[in-house]
>>> print(open('my_file12.txt').read())   # compact mmCIF, C-alpha atoms
# COMPACT_ATOMS: atom_id res chain seq x y z
CA MET X 1 42.13 -33.14 -82.35
CA GLY X 2 41.83 -29.42 -81.59
CA LEU X 3 39.25 -26.84 -82.57
CA LYS X 4 39.31 -25.39 -86.07
CA LEU X 5 37.68 -22.06 -86.87
CA TYR X 6 37.13 -21.38 -90.56
CA GLY X 7 37.15 -17.66 -91.34
CA ILE X 8 39.36 -14.63 -91.88
CA PRO X 9 40.94 -12.25 -89.33
CA VAL X 10 39.27 -9.11 -90.77
CA SER X 11 35.71 -10.46 -90.75
CA THR X 12 33.36 -9.11 -88.06
CA ASN X 13 31.61 -12.42 -87.56
CA THR X 14 34.85 -14.41 -87.50
CA THR X 15 36.37 -12.03 -84.95
CA ARG X 16 33.31 -12.36 -82.71
CA ALA X 17 34.16 -16.07 -82.43
CA LEU X 18 37.93 -15.42 -82.23
CA VAL X 19 37.59 -13.09 -79.23
CA CYS X 20 35.56 -15.72 -77.39
CA LEU X 21 38.16 -18.43 -78.09
CA HIS X 22 40.94 -16.17 -76.84
CA GLU X 23 38.98 -15.12 -73.73
CA LYS X 24 38.62 -18.80 -72.85
CA GLY X 25 42.29 -19.52 -73.59
CA VAL X 26 41.27 -22.42 -75.81
CA ASP X 27 43.71 -23.92 -78.34
CA PHE X 28 42.43 -23.61 -81.87
CA GLU X 29 43.55 -23.23 -85.46
CA LEU X 30 42.24 -20.42 -87.68
CA VAL X 31 41.75 -21.92 -91.15
CA PRO X 32 41.56 -19.16 -93.78
CA VAL X 33 38.72 -19.24 -96.31
CA ASN X 34 39.37 -17.62 -99.67
CA LEU X 35 36.21 -15.53 -100.00
CA PHE X 36 37.42 -13.54 -102.99
CA GLY X 37 38.15 -16.81 -104.77
CA GLY X 38 34.66 -18.06 -103.96
CA GLU X 39 35.85 -20.88 -101.72
CA ASN X 40 32.77 -20.39 -99.53
CA ARG X 41 30.57 -21.34 -102.51
CA GLN X 42 32.38 -24.61 -103.18
CA PRO X 43 30.66 -27.89 -102.25
CA SER X 44 33.36 -28.74 -99.71
CA PHE X 45 32.60 -25.55 -97.77
CA LEU X 46 28.83 -25.72 -98.28
CA ALA X 47 29.02 -29.14 -96.62
CA LYS X 48 30.19 -27.29 -93.50
CA ASN X 49 27.80 -24.32 -93.79
CA PRO X 50 25.06 -24.63 -96.42
CA PHE X 51 24.59 -20.83 -96.27
CA GLY X 52 28.19 -20.37 -97.49
CA LEU X 53 29.08 -17.99 -94.65
CA ILE X 54 31.99 -17.68 -92.23
CA PRO X 55 32.79 -18.51 -89.49
CA VAL X 56 32.37 -22.26 -89.03
CA LEU X 57 33.69 -24.17 -86.01
CA GLU X 58 34.82 -27.77 -86.21
CA ASP X 59 35.32 -29.63 -82.93
CA GLY X 60 36.38 -33.12 -83.92
CA ASP X 61 33.50 -34.44 -85.97
CA PHE X 62 31.05 -31.82 -84.68
CA THR X 63 30.49 -28.81 -86.95
CA ILE X 64 28.59 -25.64 -86.10
CA PHE X 65 28.07 -22.28 -87.84
CA GLU X 66 26.57 -18.83 -86.92
CA SER X 67 29.04 -16.82 -84.79
CA ARG X 68 26.69 -16.36 -81.81
CA ALA X 69 25.92 -20.11 -81.69
CA ILE X 70 29.68 -20.75 -81.79
CA THR X 71 30.38 -18.36 -78.90
CA SER X 72 27.56 -19.95 -76.87
CA TYR X 73 28.98 -23.42 -77.50
CA VAL X 74 32.55 -22.43 -76.60
CA ALA X 75 31.42 -20.48 -73.52
CA GLU X 76 29.38 -23.45 -72.32
CA LYS X 77 31.88 -26.21 -73.18
CA PHE X 78 34.69 -24.37 -71.41
CA LYS X 79 32.55 -22.82 -68.68
CA GLU X 80 34.85 -24.02 -65.91
CA THR X 81 37.94 -22.27 -67.30
CA GLY X 82 38.70 -18.61 -67.84
CA PRO X 83 36.16 -15.83 -67.31
CA ASP X 84 32.51 -16.87 -66.83
CA LEU X 85 30.96 -15.43 -69.98
CA ILE X 86 27.49 -16.91 -69.49
CA ARG X 87 26.89 -16.84 -65.69
CA HIS X 88 26.05 -20.52 -65.82
CA GLN X 89 25.49 -20.92 -62.08
CA ASN X 90 22.94 -18.12 -61.77
CA PRO X 91 19.81 -18.60 -63.93
CA LYS X 92 18.63 -15.00 -63.58
CA GLU X 93 22.03 -13.53 -64.50
CA ALA X 94 22.22 -16.05 -67.35
CA ALA X 95 18.80 -14.84 -68.57
CA LEU X 96 19.95 -11.19 -68.49
CA VAL X 97 23.03 -12.13 -70.54
CA LYS X 98 20.67 -13.66 -73.10
CA VAL X 99 18.50 -10.51 -73.18
CA TRP X 100 21.50 -8.30 -73.99
CA ILE X 101 22.86 -10.83 -76.50
CA GLU X 102 19.54 -10.48 -78.32
CA VAL X 103 19.68 -6.67 -78.01
CA GLU X 104 23.03 -6.67 -79.86
CA SER X 105 21.71 -9.15 -82.41
CA GLN X 106 18.31 -7.55 -83.07
CA ASN X 107 18.71 -3.83 -82.32
CA PHE X 108 22.38 -2.96 -82.46
CA GLN X 109 23.82 -4.90 -85.38
CA PRO X 110 21.10 -3.97 -87.91
CA ALA X 111 21.80 -0.28 -87.25
CA ILE X 112 25.60 -0.32 -87.07
CA SER X 113 26.45 -2.79 -89.84
CA PRO X 114 25.10 -0.72 -92.79
CA ILE X 115 27.16 2.26 -91.54
CA VAL X 116 30.33 0.16 -91.37
CA TYR X 117 29.55 -1.39 -94.74
CA GLN X 118 28.93 1.93 -96.50
CA SER X 119 31.96 3.63 -94.94
CA LEU X 120 34.58 0.93 -95.12
CA VAL X 121 33.48 -1.76 -97.57
CA ALA X 122 31.65 0.10 -100.36
CA PRO X 123 34.65 2.30 -101.26
CA LEU X 124 36.85 -0.78 -101.63
CA LEU X 125 34.36 -2.13 -104.15
CA GLY X 126 34.55 1.13 -106.09
CA ASN X 127 31.19 2.43 -104.88
CA THR X 128 30.28 5.77 -103.33
CA PRO X 129 28.96 5.43 -99.80
CA ASP X 130 25.17 5.82 -99.69
CA GLN X 131 24.72 8.76 -97.35
CA ALA X 132 20.97 8.23 -97.05
CA VAL X 133 21.53 4.72 -95.69
CA ILE X 134 24.22 6.04 -93.35
CA ASP X 135 22.01 8.86 -92.05
CA THR X 136 18.99 6.63 -91.44
CA ASN X 137 21.09 4.15 -89.52
CA LEU X 138 23.02 6.77 -87.56
CA GLU X 139 19.69 7.91 -86.19
CA LYS X 140 18.69 4.34 -85.26
CA LEU X 141 22.10 3.64 -83.77
CA GLY X 142 21.93 6.83 -81.71
CA LYS X 143 18.70 5.64 -80.11
CA VAL X 144 20.17 2.22 -79.34
CA LEU X 145 23.27 3.82 -77.85
CA ASP X 146 21.03 6.04 -75.70
CA VAL X 147 19.65 2.84 -74.17
CA TYR X 148 23.19 1.48 -73.74
CA GLU X 149 24.22 4.77 -72.07
CA SER X 150 21.31 4.56 -69.66
CA LYS X 151 21.99 0.91 -68.81
CA LEU X 152 25.72 1.44 -68.40
CA SER X 153 25.11 4.30 -65.99
CA SER X 154 23.56 1.76 -63.60
CA THR X 155 25.67 -1.34 -64.28
CA LYS X 156 29.31 -1.66 -65.25
CA TYR X 157 28.59 -3.99 -68.16
CA LEU X 158 25.49 -4.61 -70.24
CA ALA X 159 23.95 -7.58 -68.41
CA GLY X 160 25.10 -6.52 -64.93
CA ASP X 161 28.28 -5.74 -63.06
CA PHE X 162 30.05 -8.61 -64.81
CA PHE X 163 31.65 -8.91 -68.24
CA SER X 164 29.79 -11.43 -70.42
CA LEU X 165 29.14 -12.60 -73.98
CA ALA X 166 26.64 -9.73 -74.25
CA ASP X 167 29.53 -7.21 -74.12
CA LEU X 168 31.87 -9.39 -76.20
CA HIS X 169 29.45 -9.68 -79.13
CA ASN X 170 29.52 -5.89 -79.62
CA PHE X 171 33.27 -5.76 -80.17
CA PRO X 172 33.79 -6.30 -83.92
CA TYR X 173 31.33 -3.72 -85.23
CA ILE X 174 32.22 -1.05 -82.69
CA PHE X 175 35.90 -1.59 -83.50
CA TYR X 176 35.33 -0.81 -87.17
CA PHE X 177 32.75 1.89 -86.41
CA MET X 178 35.38 3.83 -84.46
CA LYS X 179 37.33 4.11 -87.73
CA THR X 180 34.40 5.88 -89.46
CA PRO X 181 33.76 9.65 -89.26
CA TRP X 182 30.98 9.00 -86.69
CA ALA X 183 32.94 7.69 -83.71
CA SER X 184 31.48 10.61 -81.74
CA LEU X 185 28.29 8.59 -81.30
CA VAL X 186 30.34 6.48 -78.88
CA ASN X 187 32.72 9.15 -77.59
CA ASP X 188 29.94 11.62 -76.77
CA ARG X 189 28.23 9.11 -74.45
CA PRO X 190 30.46 8.95 -71.36
CA HIS X 191 29.32 5.57 -70.03
CA VAL X 192 29.36 3.92 -73.46
CA LYS X 193 32.82 5.40 -74.05
CA ALA X 194 34.15 4.16 -70.70
CA TRP X 195 32.65 0.71 -71.31
CA TRP X 196 34.16 0.55 -74.80
CA GLU X 197 37.59 1.58 -73.52
CA ASP X 198 37.35 -1.06 -70.81
CA ILE X 199 36.34 -3.99 -73.00
CA SER X 200 38.60 -3.08 -75.91
CA SER X 201 41.62 -3.05 -73.62
CA ARG X 202 41.11 -6.72 -72.68
CA SER X 203 44.06 -8.77 -73.96
CA ALA X 204 41.81 -11.09 -76.00
CA PHE X 205 40.34 -8.10 -77.82
CA LYS X 206 43.72 -6.50 -78.44
CA LYS X 207 45.07 -9.73 -79.86
CA VAL X 208 42.18 -10.10 -82.31
CA ALA X 209 42.24 -6.40 -83.22
CA GLU X 210 45.77 -6.82 -84.58
CA GLY X 211 44.32 -8.79 -87.46
CA MET X 212 41.41 -6.40 -88.13
CA THR X 213 43.22 -4.37 -90.74
CA PHE X 214 40.27 -4.04 -93.10
CA GLY X 215 40.54 -0.95 -95.25
CA GLU X 216 44.00 -0.05 -94.03
CA LYS X 217 46.78 0.59 -96.49
CA LYS X 218 49.88 -1.45 -95.76
CA MET H 1 2.65 -17.40 -60.33
CA VAL H 2 1.30 -16.26 -63.67
CA VAL H 3 3.73 -14.81 -66.18
CA LYS H 4 2.65 -11.42 -67.49
CA VAL H 5 3.36 -11.04 -71.22
CA TYR H 6 3.13 -7.47 -72.47
CA GLY H 7 2.07 -7.15 -76.11
CA THR H 8 -0.71 -8.37 -78.40
CA VAL H 9 -1.62 -11.93 -79.38
CA ARG H 10 -1.33 -10.97 -83.04
CA SER H 11 2.27 -9.77 -82.84
CA ALA H 12 4.73 -12.29 -84.31
CA CYS H 13 7.32 -11.76 -81.61
CA VAL H 14 4.74 -12.11 -78.85
CA GLN H 15 3.47 -15.31 -80.50
CA ARG H 16 7.01 -16.71 -80.37
CA VAL H 17 6.90 -16.39 -76.57
CA LEU H 18 3.31 -17.57 -76.13
CA ALA H 19 3.97 -20.68 -78.26
CA CYS H 20 6.83 -21.60 -75.93
CA LEU H 21 4.81 -20.95 -72.76
CA LEU H 22 1.95 -23.08 -74.14
CA GLU H 23 4.35 -25.91 -75.06
CA LYS H 24 5.67 -25.83 -71.50
CA GLU H 25 2.16 -25.38 -69.98
CA VAL H 26 3.21 -22.23 -68.15
CA ASP H 27 0.28 -20.04 -67.13
CA PHE H 28 0.35 -16.53 -68.57
CA ASP H 29 -1.69 -13.36 -68.90
CA VAL H 30 -1.36 -11.19 -71.97
CA VAL H 31 -1.29 -7.57 -70.86
CA HIS H 32 -2.51 -5.71 -73.92
CA VAL H 33 -0.26 -2.97 -75.30
CA ASP H 34 -1.98 -0.68 -77.80
CA LEU H 35 0.63 -0.69 -80.57
CA GLU H 36 -1.43 1.37 -82.98
CA ALA H 37 -1.74 4.13 -80.39
CA GLY H 38 2.01 3.94 -79.77
CA GLU H 39 1.66 2.81 -76.18
CA GLN H 40 4.96 0.94 -76.45
CA LYS H 41 6.83 4.22 -76.95
CA ARG H 42 5.44 5.88 -73.83
CA PRO H 43 7.68 6.43 -70.78
CA GLU H 44 5.74 3.96 -68.61
CA PHE H 45 6.37 1.18 -71.11
CA LEU H 46 9.99 2.15 -71.81
CA VAL H 47 10.74 1.34 -68.17
CA LEU H 48 9.84 -2.26 -69.00
CA GLN H 49 11.40 -2.40 -72.48
CA PRO H 50 13.73 0.53 -73.23
CA PHE H 51 13.66 -0.06 -77.00
CA GLY H 52 9.87 0.40 -77.09
CA GLN H 53 9.16 -3.08 -78.47
CA VAL H 54 6.97 -6.04 -77.56
CA PRO H 55 7.09 -8.56 -75.99
CA ALA H 56 8.33 -7.95 -72.48
CA ILE H 57 7.57 -10.28 -69.57
CA GLU H 58 7.23 -9.93 -65.82
CA ASP H 59 7.56 -13.08 -63.72
CA GLY H 60 7.55 -12.07 -60.09
CA TYR H 61 10.59 -9.85 -59.77
CA LEU H 62 12.16 -11.02 -63.02
CA LYS H 63 11.69 -8.79 -66.03
CA LEU H 64 12.91 -9.91 -69.45
CA TYR H 65 12.54 -8.83 -73.05
CA GLU H 66 13.68 -10.01 -76.54
CA SER H 67 11.47 -12.96 -77.52
CA ARG H 68 14.38 -15.34 -78.25
CA ALA H 69 15.94 -14.66 -74.84
CA ILE H 70 12.58 -15.22 -73.15
CA ILE H 71 11.97 -18.58 -74.84
CA LYS H 72 15.50 -19.75 -73.99
CA TYR H 73 14.90 -18.84 -70.33
CA TYR H 74 11.60 -20.72 -70.05
CA ALA H 75 12.84 -23.71 -72.04
CA ALA H 76 15.70 -23.98 -69.53
CA LYS H 77 13.64 -23.20 -66.43
CA TYR H 78 11.10 -25.92 -67.26
CA ALA H 79 13.52 -28.29 -68.96
CA ASP H 80 12.01 -31.22 -67.05
CA HIS H 81 8.39 -30.36 -67.83
CA GLY H 82 6.78 -30.90 -71.21
CA PRO H 83 8.75 -31.38 -74.45
CA ASN H 84 12.51 -30.77 -74.30
CA LEU H 85 12.87 -27.73 -76.54
CA LEU H 86 16.58 -27.15 -75.95
CA GLY H 87 18.33 -30.40 -76.79
CA SER H 88 19.96 -32.76 -74.29
CA SER H 89 23.70 -32.81 -74.96
CA LEU H 90 26.00 -29.81 -75.42
CA GLU H 91 26.16 -30.58 -79.16
CA GLU H 92 22.37 -30.83 -79.49
CA ARG H 93 21.96 -27.52 -77.68
CA ALA H 94 24.54 -25.96 -79.99
CA LEU H 95 22.59 -27.09 -83.05
CA VAL H 96 19.38 -25.61 -81.59
CA ASP H 97 21.29 -22.33 -81.07
CA GLN H 98 22.68 -22.52 -84.59
CA TRP H 99 19.26 -22.82 -86.22
CA LEU H 100 17.82 -20.14 -83.92
CA GLU H 101 20.58 -17.87 -85.24
CA VAL H 102 19.72 -18.89 -88.80
CA GLU H 103 16.09 -17.91 -88.15
CA ALA H 104 17.15 -14.58 -86.64
CA HIS H 105 19.79 -13.61 -89.23
CA ASN H 106 18.95 -15.41 -92.47
CA PHE H 107 15.18 -15.84 -92.37
CA ASN H 108 13.44 -13.26 -90.17
CA ASP H 109 14.60 -10.04 -91.86
CA LEU H 110 13.42 -11.28 -95.23
CA VAL H 111 9.98 -12.32 -93.96
CA TYR H 112 9.63 -9.13 -91.91
CA THR H 113 10.45 -6.92 -94.89
CA LEU H 114 8.11 -8.88 -97.18
CA VAL H 115 5.20 -8.63 -94.74
CA LEU H 116 5.92 -4.94 -94.10
CA GLN H 117 5.92 -4.07 -97.81
CA LEU H 118 3.07 -6.32 -98.95
CA VAL H 119 0.70 -6.25 -95.98
CA ILE H 120 1.38 -3.67 -93.28
CA LEU H 121 2.15 -0.56 -95.32
CA PRO H 122 -0.83 -1.04 -97.67
CA ARG H 123 -3.06 -1.52 -94.60
CA MET H 124 -1.85 1.87 -93.40
CA GLY H 125 -2.73 3.35 -96.77
CA LYS H 126 0.91 3.63 -97.86
CA PRO H 127 2.50 2.12 -100.98
CA GLY H 128 4.68 -0.92 -100.44
CA ASP H 129 8.03 -1.23 -102.24
CA LEU H 130 7.28 -4.09 -104.62
CA ALA H 131 10.82 -4.27 -105.97
CA LEU H 132 12.16 -4.69 -102.44
CA ALA H 133 9.51 -7.32 -101.72
CA HIS H 134 10.46 -9.21 -104.85
CA SER H 135 14.14 -9.10 -103.95
CA CYS H 136 13.33 -10.48 -100.49
CA GLU H 137 11.23 -13.21 -102.04
CA GLN H 138 14.12 -14.30 -104.25
CA LYS H 139 16.52 -14.38 -101.31
CA LEU H 140 13.96 -16.31 -99.28
CA GLU H 141 13.75 -18.91 -102.05
CA THR H 142 17.50 -19.49 -101.72
CA VAL H 143 17.27 -19.73 -97.93
CA LEU H 144 14.36 -22.17 -98.09
CA ASP H 145 16.33 -24.31 -100.54
CA VAL H 146 18.87 -24.75 -97.73
CA TYR H 147 16.06 -25.66 -95.32
CA GLU H 148 14.74 -28.16 -97.88
CA GLN H 149 18.13 -29.84 -98.03
CA ARG H 150 18.52 -29.81 -94.25
CA LEU H 151 15.05 -31.28 -93.68
CA SER H 152 15.81 -34.11 -96.08
CA LYS H 153 18.39 -35.26 -93.52
CA SER H 154 16.51 -34.67 -90.26
CA SER H 155 12.88 -34.36 -89.24
CA TYR H 156 13.41 -31.00 -87.56
CA LEU H 157 15.95 -28.25 -88.06
CA ALA H 158 18.29 -29.10 -85.18
CA GLY H 159 17.79 -32.88 -85.28
CA GLU H 160 15.15 -35.54 -84.77
CA THR H 161 13.08 -33.70 -82.16
CA PHE H 162 11.06 -30.47 -82.19
CA SER H 163 12.97 -27.61 -80.58
CA LEU H 164 13.01 -23.84 -80.06
CA ALA H 165 14.64 -23.56 -83.50
CA ASP H 166 11.48 -24.88 -85.20
CA LEU H 167 9.14 -23.03 -82.81
CA SER H 168 10.82 -19.72 -83.55
CA HIS H 169 9.76 -19.97 -87.20
CA LEU H 170 6.06 -20.53 -86.56
CA PRO H 171 4.80 -16.92 -86.41
CA GLY H 172 6.78 -15.74 -89.44
CA ILE H 173 5.81 -18.65 -91.67
CA ARG H 174 2.16 -18.21 -90.67
CA TYR H 175 2.27 -14.57 -91.83
CA LEU H 176 4.03 -15.61 -95.02
CA MET H 177 1.39 -18.20 -95.84
CA ASN H 178 -1.65 -16.17 -94.87
CA GLU H 179 -1.52 -12.39 -95.06
CA ALA H 180 1.45 -12.26 -97.46
CA LYS H 181 -0.07 -15.00 -99.64
CA MET H 182 3.30 -16.62 -100.32
CA GLY H 183 2.38 -20.14 -99.23
CA ASN H 184 3.89 -21.49 -102.43
CA LEU H 185 7.37 -20.89 -100.99
CA VAL H 186 6.55 -23.61 -98.46
CA THR H 187 4.20 -25.89 -100.38
CA GLU H 188 6.53 -26.18 -103.38
CA ARG H 189 9.22 -27.72 -101.15
CA LYS H 190 8.35 -31.27 -100.13
CA ASN H 191 10.39 -31.45 -96.91
CA VAL H 192 9.73 -27.87 -95.82
CA ASN H 193 6.01 -28.44 -96.41
CA ALA H 194 5.97 -31.67 -94.39
CA TRP H 195 7.86 -29.92 -91.59
CA TRP H 196 5.45 -26.98 -91.61
CA GLU H 197 2.43 -29.30 -91.55
CA ASP H 198 3.93 -31.10 -88.57
CA ILE H 199 4.92 -28.09 -86.47
CA SER H 200 1.79 -26.06 -87.21
CA ASN H 201 -0.41 -28.95 -86.10
CA ARG H 202 1.07 -29.13 -82.62
CA PRO H 203 -1.66 -28.63 -79.99
CA ALA H 204 0.15 -25.67 -78.40
CA TRP H 205 0.31 -23.78 -81.71
CA LYS H 206 -3.31 -24.59 -82.53
CA LYS H 207 -4.35 -23.30 -79.11
CA LEU H 208 -2.43 -20.08 -79.78
CA MET H 209 -4.15 -19.70 -83.14
CA GLN H 210 -7.51 -19.91 -81.36
CA LEU H 211 -6.42 -17.30 -78.81
CA ALA H 212 -5.24 -15.02 -81.61
CA GLY H 213 -8.45 -15.47 -83.61
CA HIS H 214 -6.57 -16.65 -86.70
>>> encode(input="my_file12.txt", output="structure tokens")
Amino acid sequence: MGLKLYGIPVSTNTTRALVCLHEKGVDFELVPVNLFGGENRQPSFLAKNPFGLIPVLEDGDFTIFESRAITSYVAEKFKETGPDLIRHQNPKEAALVKVWIEVESQNFQPAISPIVYQSLVAPLLGNTPDQAVIDTNLEKLGKVLDVYESKLSSTKYLAGDFFSLADLHNFPYIFYFMKTPWASLVNDRPHVKAWWEDISSRSAFKKVAEGMTFGEKK
Amino acid sequence: MVVKVYGTVRSACVQRVLACLLEKEVDFDVVHVDLEAGEQKRPEFLVLQPFGQVPAIEDGYLKLYESRAIIKYYAAKYADHGPNLLGSSLEERALVDQWLEVEAHNFNDLVYTLVLQLVILPRMGKPGDLALAHSCEQKLETVLDVYEQRLSKSSYLAGETFSLADLSHLPGIRYLMNEAKMGNLVTERKNVNAWWEDISNRPAWKKLMQLAGH
């Protein structure tokens, strides 16, 4: 029985897991979840994730949720194949990967996600973007990206001179952020820009990006 | 070699790290950072932690920050010493990661905002946003209902043994029950309450409480 990932191709958290699966070249099935129909609130889905959130990974009879726990599991289970996303043979490198995974989780996401939400999601729900929320978070995001710029001027990727989960986890929100009017926050920082162009040109990222059509008119 | 932990013993994120080091019986020194004076934003500190936050650790040549990364490192480094905080099999480790993510993304923000609005801002002489606090409280009730259900099936969040996932909750729940005076959120839930009683009575946590003067 293969891996099943429950989620949708436009979701940031689902795509975080999707990129990891593609990087590892692992066979899996993407099982769509009808969020607009409230499928994630039905008992059958709550049995998989009691928080009613996507994505969820099923590996045989083992079920796990939270995208960053899923990527850790996949990166560890398939550590001998494909790129080494967790530096499993070097404890100090592995620790630095974990530091920058937490940086994305604790410092980066809280600043970037309200901007993406206000710019791309709110209008689709018929709401005017809250500029005060955007402005506050642009300032926070700028400071975080200053730290990224400084780090990336001394190492090629966030945790060192090697691509890792720490870089991968940033992909979904930056992808959507580049569609907002504030892409200059990335483009005006030369090392962040070069890093973004590098990681977003990886074939796993390009494959997943094809499905990230949120907000686009067909 | 003694691990240097930069921060204060009263900071929740520092306590997360100290609880882990105490569980693993790793010697440490707390190097005091004067948060009220803004020491963590000064250039000398930013070299250690570029986001200007505590904790940061120095262990010989290794420097790390982000409390959840630090505890994962020490739980792995001393996997064979003291309680196994990580899980044994790949699946057990994944469940520990899962519930650590739940703490970070579903639990922590709500507790942080509640404590900020109800305790920290008033202490600084500023008005707290009571509507925001109330909204967080309602969301936290829903989250703790999930914990209640989970803890009816297993003794600890990730399974039958205490792990980093449980440990990570200790500082936040302590603030919730003490300074924020929202202990009812825990005590009204039979399984959550039993779990809290268990984890907060561990010798390592009680030692930390003494150190912190709580």
>>> closest_atom_pairs(input="my_file12.txt", of="stretch 65-149 of chain H", to="stretch 24-33 of chain H", cutoff="8 Å", atoms="all atoms listed in the file", output="CSV")
residue,atom,partner,partner_atom,distance
H:Tyr74,CA,H:Lys24,CA,8.0
H:Ala75,CA,H:Lys24,CA,7.5
H:Tyr78,CA,H:Lys24,CA,6.9
H:His81,CA,H:Lys24,CA,6.4
H:Gly82,CA,H:Lys24,CA,5.2
H:Pro83,CA,H:Lys24,CA,7.0
>>> residues_near_point(input="my_file12.txt", point="(16.4, -29.9, -83.5)", cutoff="9 Å", atoms="only C-alpha atoms", output="ChimeraX atom specification")
/H:85-87,92-93,95-96,99,154-166
>>> atom_distance(input="my_file12.txt", atom1="atom CA of X:Ile86", atom2="atom CA of X:Leu158")
12.5 Å
>>> interface_residues(input="my_file12.txt", of="chain H", to="chain X", cutoff="9 Å", atoms="all atoms listed in the file", output="ChimeraX atom specification")
/H:50-51,62-70,72-73,76-77,90-91,93-102,104-106,143,146,149-150
>>> closest_residue(input="my_file12.txt", among="H:Thr142, H:Asn201, H:Asn108, H:Thr113", to="H:Gly128", atoms="only C-alpha atoms")
H:Thr113
>>> residues_near_point(input="my_file12.txt", point="(41.4, -5.9, -75.5)", cutoff="12 Å", atoms="only C-alpha atoms", output="short mmCIF file (atom, residue, chain, number, x, y, z; two decimals) with C-alpha atoms, in the coordinates of the input")
data_model
loop_
_atom_site.label_atom_id
_atom_site.label_comp_id
_atom_site.auth_asym_id
_atom_site.auth_seq_id
_atom_site.Cartn_x
_atom_site.Cartn_y
_atom_site.Cartn_z
CA VAL X 19 37.59 -13.09 -79.23
CA CYS X 20 35.56 -15.72 -77.39
CA HIS X 22 40.94 -16.17 -76.84
CA GLU X 23 38.98 -15.12 -73.73
CA LEU X 168 31.87 -9.39 -76.20
CA PHE X 171 33.27 -5.76 -80.17
CA PRO X 172 33.79 -6.30 -83.92
CA PHE X 175 35.90 -1.59 -83.50
CA TRP X 195 32.65 0.71 -71.31
CA TRP X 196 34.16 0.55 -74.80
CA GLU X 197 37.59 1.58 -73.52
CA ASP X 198 37.35 -1.06 -70.81
CA ILE X 199 36.34 -3.99 -73.00
CA SER X 200 38.60 -3.08 -75.91
CA SER X 201 41.62 -3.05 -73.62
CA ARG X 202 41.11 -6.72 -72.68
CA SER X 203 44.06 -8.77 -73.96
CA ALA X 204 41.81 -11.09 -76.00
CA PHE X 205 40.34 -8.10 -77.82
CA LYS X 206 43.72 -6.50 -78.44
CA LYS X 207 45.07 -9.73 -79.86
CA VAL X 208 42.18 -10.10 -82.31
CA ALA X 209 42.24 -6.40 -83.22
CA GLU X 210 45.77 -6.82 -84.58
#
>>> closest_residue(input="my_file12.txt", among="X:Gly160, X:Pro181, X:Gly52, X:Gly126", to="X:Leu138", atoms="only C-alpha atoms")
X:Pro181
>>> atom_distance(input="my_file12.txt", atom1="atom CA of X:Gly211", atom2="atom CA of X:Pro9")
5.2 Å
>>> decode(input="my_file12.txt", residues="stretch 111-122 of chain H", atoms="N, CA and C atoms", output="PDB file, in the first residue's frame")
ATOM      1  N   VAL H 111      -2.142  30.842  23.772  1.00  0.00           N
ATOM      2  CA  VAL H 111      -1.706  31.076  25.158  1.00  0.00           C
ATOM      3  C   VAL H 111      -0.872  32.354  25.235  1.00  0.00           C
ATOM      4  N   TYR H 112       0.026  32.522  24.254  1.00  0.00           N
ATOM      5  CA  TYR H 112       0.895  33.704  24.239  1.00  0.00           C
ATOM      6  C   TYR H 112       0.063  34.984  24.196  1.00  0.00           C
ATOM      7  N   THR H 113      -0.924  34.995  23.287  1.00  0.00           N
ATOM      8  CA  THR H 113      -1.755  36.193  23.141  1.00  0.00           C
ATOM      9  C   THR H 113      -2.559  36.451  24.415  1.00  0.00           C
ATOM     10  N   LEU H 114      -3.110  35.398  24.990  1.00  0.00           N
ATOM     11  CA  LEU H 114      -3.877  35.537  26.240  1.00  0.00           C
ATOM     12  C   LEU H 114      -3.016  36.145  27.349  1.00  0.00           C
ATOM     13  N   VAL H 115      -1.820  35.577  27.525  1.00  0.00           N
ATOM     14  CA  VAL H 115      -0.939  36.048  28.600  1.00  0.00           C
ATOM     15  C   VAL H 115      -0.487  37.484  28.328  1.00  0.00           C
ATOM     16  N   LEU H 116      -0.233  37.788  27.045  1.00  0.00           N
ATOM     17  CA  LEU H 116       0.185  39.149  26.684  1.00  0.00           C
ATOM     18  C   LEU H 116      -0.906  40.155  27.052  1.00  0.00           C
ATOM     19  N   GLN H 117      -2.149  39.838  26.665  1.00  0.00           N
ATOM     20  CA  GLN H 117      -3.251  40.782  26.865  1.00  0.00           C
ATOM     21  C   GLN H 117      -3.686  40.882  28.321  1.00  0.00           C
ATOM     22  N   LEU H 118      -3.664  39.743  29.035  1.00  0.00           N
ATOM     23  CA  LEU H 118      -4.220  39.737  30.396  1.00  0.00           C
ATOM     24  C   LEU H 118      -3.185  40.003  31.479  1.00  0.00           C
ATOM     25  N   VAL H 119      -1.907  39.720  31.178  1.00  0.00           N
ATOM     26  CA  VAL H 119      -0.904  39.809  32.241  1.00  0.00           C
ATOM     27  C   VAL H 119       0.190  40.830  31.920  1.00  0.00           C
ATOM     28  N   ILE H 120       0.825  40.645  30.753  1.00  0.00           N
ATOM     29  CA  ILE H 120       2.036  41.432  30.461  1.00  0.00           C
ATOM     30  C   ILE H 120       1.732  42.903  30.203  1.00  0.00           C
ATOM     31  N   LEU H 121       0.767  43.167  29.326  1.00  0.00           N
ATOM     32  CA  LEU H 121       0.459  44.570  29.011  1.00  0.00           C
ATOM     33  C   LEU H 121      -0.014  45.334  30.248  1.00  0.00           C
ATOM     34  N   PRO H 122      -0.957  44.765  31.039  1.00  0.00           N
ATOM     35  CA  PRO H 122      -1.354  45.483  32.259  1.00  0.00           C
ATOM     36  C   PRO H 122      -0.168  45.745  33.200  1.00  0.00           C
TER      37      PRO H 122
END
